[in-house]
>>> print(open('input-v1.txt').read())   # compact mmCIF, C-alpha atoms
# COMPACT_ATOMS: atom_id res chain seq x y z
CA MET A 250 57.66 -55.17 209.05
CA PRO A 251 60.08 -54.29 211.90
CA LEU A 252 57.28 -54.66 214.44
CA VAL A 253 56.51 -58.15 213.14
CA LEU A 254 60.18 -59.14 213.43
CA LEU A 255 60.37 -57.84 216.98
CA ALA A 256 57.14 -59.64 217.89
CA GLY A 257 58.54 -62.87 216.44
CA ARG A 258 61.78 -62.56 218.36
CA LYS A 259 60.24 -61.70 221.74
CA PRO A 260 60.06 -65.34 223.01
CA VAL A 261 63.72 -65.82 221.97
CA ALA A 262 64.76 -62.75 223.92
CA ILE A 263 62.83 -63.89 226.96
CA LEU A 264 64.42 -67.31 226.71
CA ALA A 265 67.87 -65.77 226.45
CA LEU A 266 67.21 -63.67 229.53
CA LEU A 267 66.02 -66.72 231.45
CA LEU A 268 69.10 -68.70 230.44
CA SER A 269 71.35 -65.82 231.40
CA GLY A 270 69.69 -65.60 234.77
CA CYS A 271 70.13 -69.35 235.27
CA VAL A 272 73.83 -69.12 234.36
CA ILE A 273 74.33 -66.24 236.79
CA ALA A 274 72.49 -68.08 239.52
CA LEU A 275 74.58 -71.20 238.92
CA SER A 276 77.77 -69.12 238.90
CA LEU A 277 76.84 -67.72 242.27
CA GLN A 278 76.37 -71.20 243.67
CA VAL A 279 79.08 -73.20 241.95
CA ARG A 280 82.42 -72.91 243.67
CA ARG A 281 85.84 -73.65 242.33
CA PRO A 282 88.37 -75.76 244.20
CA GLY A 283 89.76 -72.74 245.98
CA GLY A 284 86.34 -71.87 247.44
CA GLN A 285 85.73 -69.01 245.06
CA THR A 286 82.48 -68.93 243.10
CA VAL A 287 82.48 -68.65 239.36
CA ALA A 288 80.70 -65.28 239.56
CA GLU A 289 83.38 -63.95 241.83
CA GLY A 290 86.02 -65.08 239.33
CA TRP A 291 84.15 -63.40 236.50
CA PHE A 292 83.77 -60.25 238.58
CA LEU A 293 87.45 -60.22 239.46
CA ASP A 294 88.38 -60.75 235.79
CA VAL A 295 86.19 -57.84 234.75
CA MET A 296 87.57 -55.70 237.55
CA GLY A 297 91.09 -56.68 236.55
CA VAL A 298 90.47 -55.43 233.05
CA GLY A 299 89.10 -52.19 234.47
CA VAL A 300 91.97 -51.82 236.90
CA ARG A 301 94.49 -52.43 234.11
CA GLY A 302 92.67 -49.89 231.96
CA VAL A 303 92.69 -47.30 234.73
CA ALA A 304 96.34 -47.98 235.51
CA GLY A 305 97.23 -47.69 231.84
CA LEU A 306 95.30 -44.44 231.60
CA ARG A 307 97.05 -43.06 234.67
CA GLU A 308 100.42 -44.12 233.23
CA ALA A 309 99.60 -42.42 229.95
CA VAL A 310 98.56 -39.23 231.74
CA ARG A 311 101.74 -39.29 233.81
CA ALA A 312 103.84 -39.82 230.68
CA LEU A 313 102.10 -36.89 229.00
CA LYS A 314 102.73 -34.72 232.05
CA GLU A 315 106.38 -35.76 232.15
CA ARG A 316 106.72 -35.06 228.44
CA ALA A 317 105.11 -31.62 228.86
CA SER A 318 107.31 -30.90 231.89
CA GLY A 319 110.37 -32.09 229.98
CA ARG A 320 109.46 -29.86 227.05
CA GLU A 321 109.10 -26.88 229.37
CA ARG A 322 112.48 -27.66 230.92
CA LEU A 323 114.03 -27.95 227.47
CA LEU A 324 112.48 -24.66 226.40
CA ALA A 325 113.72 -22.94 229.56
CA ARG A 326 117.17 -24.43 229.10
CA ASN A 327 117.19 -23.39 225.46
CA GLU A 328 116.30 -19.82 226.42
CA ALA A 329 119.04 -19.83 229.05
CA LEU A 330 121.54 -21.12 226.49
CA GLU A 331 120.48 -18.47 223.99
CA ARG A 332 120.99 -15.76 226.60
CA ARG A 333 124.38 -17.24 227.46
CA VAL A 334 125.35 -17.35 223.78
CA LEU A 335 124.40 -13.67 223.40
CA GLU A 336 126.47 -12.79 226.47
CA LEU A 337 129.43 -14.75 225.13
CA GLU A 338 129.10 -13.09 221.73
CA ARG A 339 129.11 -9.67 223.39
CA GLU A 340 132.14 -10.66 225.47
CA LEU A 341 133.85 -11.98 222.34
CA SER A 342 133.14 -8.73 220.51
CA VAL A 343 134.60 -6.75 223.42
CA LEU A 344 137.65 -9.02 223.51
CA ARG A 345 138.15 -8.69 219.76
CA ASP A 346 137.94 -4.90 220.01
CA ALA A 347 140.41 -4.99 222.89
CA GLU A 348 142.75 -7.23 220.89
CA ARG A 349 142.56 -4.92 217.87
CA GLU A 350 143.27 -1.95 220.12
CA ARG A 351 146.19 -3.85 221.68
CA GLN A 352 147.60 -4.60 218.25
CA ARG A 353 147.23 -0.96 217.23
CA LEU A 354 148.99 0.16 220.41
CA LEU A 355 151.78 -2.38 219.90
CA GLY A 356 152.24 -1.16 216.35
CA LEU A 357 152.21 2.45 217.51
CA TYR A 358 154.80 1.90 220.24
CA SER A 359 156.90 -0.22 217.89
CA ALA A 360 156.84 2.54 215.26
CA HIS A 361 157.69 5.25 217.82
CA PRO A 362 159.60 3.53 220.64
CA SER A 363 161.22 6.81 221.73
CA ALA A 364 158.15 8.99 221.87
CA PRO A 365 158.82 12.28 223.69
CA PRO A 366 157.83 12.59 227.35
CA LEU A 367 154.26 13.79 227.99
CA SER A 368 153.07 12.15 224.77
CA HIS A 369 149.48 10.92 224.77
CA VAL A 370 147.65 8.12 223.02
CA ALA A 371 144.37 9.20 221.42
CA ARG A 372 141.87 7.94 218.90
CA MET A 373 140.59 9.65 215.80
CA VAL A 374 136.83 9.56 216.16
CA SER A 375 135.87 11.40 212.96
CA LEU A 376 137.24 13.04 209.84
CA VAL A 377 135.89 16.42 208.73
CA THR A 378 136.25 17.52 205.11
CA ALA A 379 135.02 20.88 203.86
CA GLY A 380 136.30 21.30 200.32
CA PRO A 381 140.09 21.72 200.49
CA PHE A 382 140.09 21.90 204.29
CA HIS A 383 140.75 18.58 206.00
CA SER A 384 140.68 17.98 209.75
CA ALA A 385 139.99 15.27 212.29
CA LEU A 386 138.65 15.03 215.84
CA LEU A 387 140.42 13.25 218.68
CA ASP A 388 138.79 11.76 221.76
CA ARG A 389 141.24 13.55 224.08
CA GLY A 390 141.46 17.21 225.04
CA ARG A 391 142.76 19.65 227.63
CA ALA A 392 141.62 17.39 230.48
CA GLU A 393 144.15 14.78 229.32
CA GLY A 394 146.93 17.33 228.73
CA LEU A 395 146.66 17.92 224.99
CA GLU A 396 147.83 21.32 223.80
CA THR A 397 147.46 23.34 220.65
CA GLY A 398 150.46 22.66 218.45
CA GLY A 399 150.74 19.01 219.46
CA VAL A 400 152.12 16.73 216.73
CA VAL A 401 149.84 13.88 215.67
CA VAL A 402 151.54 10.73 214.33
CA GLY A 403 150.27 7.28 213.49
CA VAL A 404 151.93 3.93 212.98
CA HIS A 405 153.00 4.79 209.44
CA GLY A 406 153.95 8.41 209.87
CA LEU A 407 152.94 12.03 210.34
CA LEU A 408 149.27 12.97 210.17
CA GLY A 409 149.11 16.63 211.20
CA ARG A 410 149.00 18.92 214.21
CA VAL A 411 146.52 19.96 216.88
CA VAL A 412 145.03 23.36 216.06
CA GLY A 413 142.30 23.51 218.70
CA THR A 414 141.47 21.83 221.99
CA GLY A 415 138.33 21.38 224.02
CA GLU A 416 137.94 19.85 227.43
CA GLN A 417 137.46 16.34 226.04
CA THR A 418 138.25 16.70 222.32
CA ALA A 419 140.86 18.20 220.03
CA ARG A 420 140.86 19.24 216.37
CA VAL A 421 143.69 18.17 214.09
CA GLN A 422 144.74 19.92 210.90
CA LEU A 423 145.70 17.10 208.53
CA LEU A 424 148.68 17.37 206.20
CA SER A 425 146.37 17.29 203.18
CA ASP A 426 144.63 20.49 204.33
CA ARG A 427 145.13 23.30 201.82
CA LEU A 428 146.59 25.58 204.50
CA ALA A 429 148.94 22.98 206.02
CA ALA A 430 152.70 23.29 205.52
CA VAL A 431 155.62 21.23 206.81
CA GLY A 432 159.40 21.42 206.41
CA VAL A 433 160.62 18.25 204.72
CA LEU A 434 163.85 16.53 203.82
CA LEU A 435 164.63 14.18 200.94
CA PRO A 436 167.22 11.92 202.64
CA ARG A 437 168.65 10.40 199.46
CA SER A 438 169.82 13.74 198.10
CA GLY A 439 169.84 15.74 201.33
CA ARG A 440 167.50 18.30 199.78
CA VAL A 441 165.54 20.41 202.28
CA ALA A 442 162.22 21.80 201.08
CA VAL A 443 158.68 22.71 202.04
CA ALA A 444 155.58 20.60 201.47
CA ARG A 445 152.04 21.93 201.43
CA GLY A 446 148.67 20.23 201.44
CA ASN A 447 147.00 20.02 198.05
CA GLY A 448 143.44 20.06 199.43
CA THR A 449 142.66 16.57 198.12
CA ALA A 450 144.38 13.58 199.66
CA GLY A 451 148.07 14.40 199.66
CA ILE A 452 150.77 17.05 199.68
CA SER A 453 153.24 18.52 197.21
CA VAL A 454 156.88 19.39 197.76
CA GLU A 455 157.53 22.93 196.54
CA TYR A 456 160.46 25.14 195.68
CA VAL A 457 162.80 22.36 194.55
CA PRO A 458 164.83 23.56 191.51
CA VAL A 459 164.46 21.66 188.25
CA ILE A 460 168.16 20.79 188.36
CA ALA A 461 167.78 18.98 191.71
CA ASP A 462 168.40 15.24 191.95
CA VAL A 463 164.88 13.95 192.65
CA VAL A 464 163.27 10.74 191.37
CA ALA A 465 159.92 9.06 191.89
CA GLY A 466 159.94 6.92 195.01
CA ASP A 467 162.26 9.18 196.99
CA LEU A 468 161.44 9.13 200.69
CA VAL A 469 160.15 12.33 202.29
CA VAL A 470 160.59 12.93 206.03
CA THR A 471 160.24 15.93 208.30
CA SER A 472 163.28 18.17 208.44
CA GLY A 473 162.56 19.76 211.83
CA THR A 474 163.28 23.23 210.42
CA ASP A 475 159.74 24.57 210.65
CA GLY A 476 159.58 24.79 214.44
CA ILE A 477 156.37 22.73 214.44
CA TYR A 478 157.26 19.13 213.65
CA PRO A 479 160.24 17.15 214.98
CA LYS A 480 162.66 15.80 212.43
CA ASP A 481 162.81 12.37 210.80
CA LEU A 482 159.08 11.58 210.97
CA PRO A 483 157.95 9.67 207.84
CA VAL A 484 155.78 11.84 205.59
CA GLY A 485 155.51 9.99 202.28
CA THR A 486 157.22 9.21 198.99
CA ILE A 487 157.59 11.23 195.81
CA GLU A 488 154.85 10.01 193.53
CA THR A 489 156.12 11.50 190.28
CA VAL A 490 158.55 14.18 189.06
CA ARG A 491 157.16 16.81 186.69
CA ARG A 492 159.44 19.21 184.82
CA GLY A 493 156.95 20.84 182.52
CA GLY A 494 156.29 24.50 181.81
CA ALA A 495 158.50 27.55 182.33
CA SER A 496 158.65 27.19 186.11
CA LEU A 497 162.06 27.03 187.76
CA PHE A 498 160.77 24.51 190.29
CA LEU A 499 159.74 20.89 190.04
CA GLU A 500 156.22 19.68 190.67
CA LEU A 501 156.54 16.90 193.24
CA PRO A 502 153.29 15.36 194.44
CA VAL A 503 153.75 13.12 197.47
CA ARG A 504 151.88 9.97 198.41
CA LEU A 505 151.39 10.12 202.17
CA THR A 506 152.46 7.09 204.18
CA ALA A 507 149.82 7.63 206.89
CA ASN A 508 146.15 7.37 205.96
CA PRO A 509 143.86 9.16 208.46
CA GLU A 510 141.05 6.73 207.66
CA ARG A 511 143.16 3.79 208.86
CA GLU A 512 145.31 5.38 211.57
CA THR A 513 142.61 5.30 214.23
CA THR A 514 145.01 5.11 217.19
CA VAL A 515 147.64 7.87 217.25
CA PHE A 516 150.34 9.48 219.36
CA VAL A 517 150.05 13.16 220.20
CA PHE A 518 153.55 14.52 220.84
CA PRO A 519 153.83 17.70 222.91
CA PRO A 520 154.36 20.94 221.00
CA ILE A 521 157.93 21.90 220.16
CA ALA A 522 159.15 24.82 222.24
CA PRO A 523 159.83 27.82 219.99
CA ARG A 524 163.51 28.48 219.53
CA GLU A 525 163.05 32.22 219.64
CA ALA A 526 160.11 34.40 220.61
CA GLY A 527 157.91 35.41 217.75
CA ALA A 528 159.30 32.78 215.35
CA ASP A 529 156.97 32.31 212.41
CA PRO A 530 156.89 28.74 211.02
CA MET A 531 155.66 30.11 207.68
CA ALA A 532 159.06 31.82 207.29
CA LEU A 533 160.01 28.57 205.56
CA LEU A 534 158.24 29.77 202.44
CA PRO A 535 160.41 31.80 200.03
CA SER A 536 159.83 35.49 199.50
CA PRO A 537 158.40 36.55 196.14
CA ARG A 538 161.70 38.26 195.33
CA SER A 539 163.81 35.17 195.94
CA SER A 540 161.39 32.90 194.12
CA GLY A 541 161.35 35.27 191.20
CA ARG A 542 165.10 34.91 190.81
CA GLY A 543 164.75 31.16 190.90
CA SER A 544 166.82 30.71 194.03
CA PRO A 545 165.61 28.17 196.61
CA ALA A 546 164.20 29.27 199.92
CA ARG A 547 166.45 29.83 202.90
CA HIS A 548 165.49 27.61 205.79
CA ALA A 549 165.61 28.09 209.47
CA PRO A 550 168.51 26.31 211.16
>>> encode(input="input-v1.txt", output="structure tokens")
Amino acid sequence: MPLVLLAGRKPVAILALLLSGCVIALSLQVRRPGGQTVAEGWFLDVMGVGVRGVAGLREAVRALKERASGRERLLARNEALERRVLELERELSVLRDAERERQRLLGLYSAHPSAPPLSHVARMVSLVTAGPFHSALLDRGRAEGLETGGVVVGVHGLLGRVVGTGEQTARVQLLSDRLAAVGVLLPRSGRVAVARGNGTAGISVEYVPVIADVVAGDLVVTSGTDGIYPKDLPVGTIETVRRGGASLFLELPVRLTANPERETTVFVFPPIAPREAGADPMALLPSPRSSGRGSPARHAP
């Protein structure tokens, strides 16, 4: 069937080809008023379409290249901005740390405006707890002039004393250490006593007779009678007054004003020169005989 249709249409196709040839021939001969043949006009029209197509294609390619180049520039700029943001964040972190350190130093110097000569500023870098023994490490040592016996104070009060020094570090015995002792004064009543670390987080004032005028909230400061700590440094406040049992002395736990976990920047005062050779700071503690009679301890002048 398809062959029959093609055979029937063959004369039509030939006729169409002949007519097309005649039209082309006429177009090559017939000229327009401007002297241009019709075929030339057709050719120029076709070429114009092609030229416009090529130009459009080139424009599209150029636009794609510009878009890709712009995207690369944006990506590069974005990476540069991200790096700059990271740098600024690091700088901001450093500035914030510096501002916090400045505030700590301002607070420290405001709390102790008349620090002794040869005092040093140090930082507590770690706390060491081994049962009832409490100590801390400073980031300064012999190279900076720290000495054994130096007094360590923070913004809020006394923290302890230097018991060992290395070239770049020093170890501090905190007041809460079970072996720590300090001569104290209760300013409201003028009572002089001794406080010892309780091995937990505070200290207790000892050898205060049950008849003494002491109430919860009384301020406790250093008395300066122990030959280790200067006087009038804040220590804490009486937390409660206990008068139980057959003891002749009150039980006076003290809430420390200075917290080693928060007092990161501290002053290290130079050691106090001993008033007499061989003076023993533990002489503050009463003898068994005197404590057995219930009399308070005698204190060094």
>>> residues_around(input="input-v1.txt", residues="Pro436 (chain A)", least_positions_apart="2", cutoff="9 Å", atoms="only C-alpha atoms", output="number ranges by chain")
A: 434, 438-441, 467-470
>>> atom_distance(input="input-v1.txt", atom1="CA of Thr418 (chain A)", atom2="CA of Leu395 (chain A)")
8.9 Å
>>> atom_distance(input="input-v1.txt", atom1="CA of Gly432 (chain A)", atom2="CA of Arg391 (chain A)")
27.0 Å
>>> closest_residue(input="input-v1.txt", among="A:Ser359, A:Asp426, A:Arg353, A:Gly398", to="Phe382 (chain A)", atoms="all atoms listed in the file")
A:Asp426
>>> atom_distance(input="input-v1.txt", atom1="CA of Ser375 (chain A)", atom2="CA of Ser472 (chain A)")
28.6 Å
>>> closest_atom_pairs(input="input-v1.txt", of="region 372-427 of chain A", to="region 449-457 of chain A", cutoff="10 Å", atoms="all atoms listed in the file", output="Markdown table")
| residue | atom | partner | partner_atom | distance |
| --- | --- | --- | --- | --- |
| A:Thr378 | CA | A:Thr449 | CA | 9.5 |
| A:Gly380 | CA | A:Thr449 | CA | 8.2 |
| A:Pro381 | CA | A:Thr449 | CA | 6.2 |
| A:Phe382 | CA | A:Thr449 | CA | 8.5 |
| A:His383 | CA | A:Thr449 | CA | 8.4 |
| A:Leu423 | CA | A:Gly451 | CA | 9.6 |
| A:Leu424 | CA | A:Ile452 | CA | 6.9 |
| A:Ser425 | CA | A:Gly451 | CA | 4.9 |
| A:Asp426 | CA | A:Thr449 | CA | 7.6 |
| A:Arg427 | CA | A:Thr449 | CA | 8.1 |
>>> axis_aligned_box(input="input-v1.txt", around="region 321-326 of chain A", padding_each_side="8 Å", output="lines of an AutoDock Vina configuration file")
center_x = 113.1
center_y = -25.4
center_z = 228.7
size_x = 24.1
size_y = 21.0
size_z = 20.5
>>> residues_around(input="input-v1.txt", residues="Val401 (chain A)", least_positions_apart="6", cutoff="9 Å", atoms="all atoms listed in the file", output="NGL selection string")
:A and (407-411 or 421 or 423 or 515-518)
>>> build_atoms(input="input-v1.txt", residues="region 374-385 of chain A", atoms="N, CA and C atoms", output="mmCIF file, in the coordinates of the input")
data_model
loop_
_atom_site.group_PDB
_atom_site.id
_atom_site.type_symbol
_atom_site.label_atom_id
_atom_site.label_comp_id
_atom_site.auth_asym_id
_atom_site.auth_seq_id
_atom_site.Cartn_x
_atom_site.Cartn_y
_atom_site.Cartn_z
ATOM 1 N N VAL A 374 138.228 9.993 216.126
ATOM 2 C CA VAL A 374 136.830 9.560 216.160
ATOM 3 C C VAL A 374 136.061 9.988 214.923
ATOM 4 N N SER A 375 136.560 10.989 214.182
ATOM 5 C CA SER A 375 135.870 11.400 212.960
ATOM 6 C C SER A 375 136.800 12.242 212.097
ATOM 7 N N LEU A 376 136.534 12.198 210.809
ATOM 8 C CA LEU A 376 137.240 13.040 209.840
ATOM 9 C C LEU A 376 136.268 14.083 209.318
ATOM 10 N N VAL A 377 136.742 15.313 209.191
ATOM 11 C CA VAL A 377 135.890 16.420 208.730
ATOM 12 C C VAL A 377 136.526 17.002 207.477
ATOM 13 N N THR A 378 135.769 16.980 206.376
ATOM 14 C CA THR A 378 136.250 17.520 205.110
ATOM 15 C C THR A 378 135.285 18.590 204.629
ATOM 16 N N ALA A 379 135.817 19.778 204.399
ATOM 17 C CA ALA A 379 135.020 20.880 203.860
ATOM 18 C C ALA A 379 135.776 21.455 202.680
ATOM 19 N N GLY A 380 135.553 20.874 201.499
ATOM 20 C CA GLY A 380 136.300 21.300 200.320
ATOM 21 C C GLY A 380 137.769 20.967 200.481
ATOM 22 N N PRO A 381 138.655 21.977 200.372
ATOM 23 C CA PRO A 381 140.090 21.720 200.490
ATOM 24 C C PRO A 381 140.587 21.689 201.937
ATOM 25 N N PHE A 382 139.682 21.856 202.888
ATOM 26 C CA PHE A 382 140.090 21.900 204.290
ATOM 27 C C PHE A 382 139.804 20.555 204.951
ATOM 28 N N HIS A 383 140.854 19.929 205.444
ATOM 29 C CA HIS A 383 140.750 18.580 206.000
ATOM 30 C C HIS A 383 141.198 18.597 207.461
ATOM 31 N N SER A 384 140.355 18.045 208.319
ATOM 32 C CA SER A 384 140.680 17.980 209.750
ATOM 33 C C SER A 384 140.115 16.696 210.340
ATOM 34 N N ALA A 385 140.466 16.452 211.588
ATOM 35 C CA ALA A 385 139.990 15.270 212.290
ATOM 36 C C ALA A 385 139.756 15.641 213.752
#
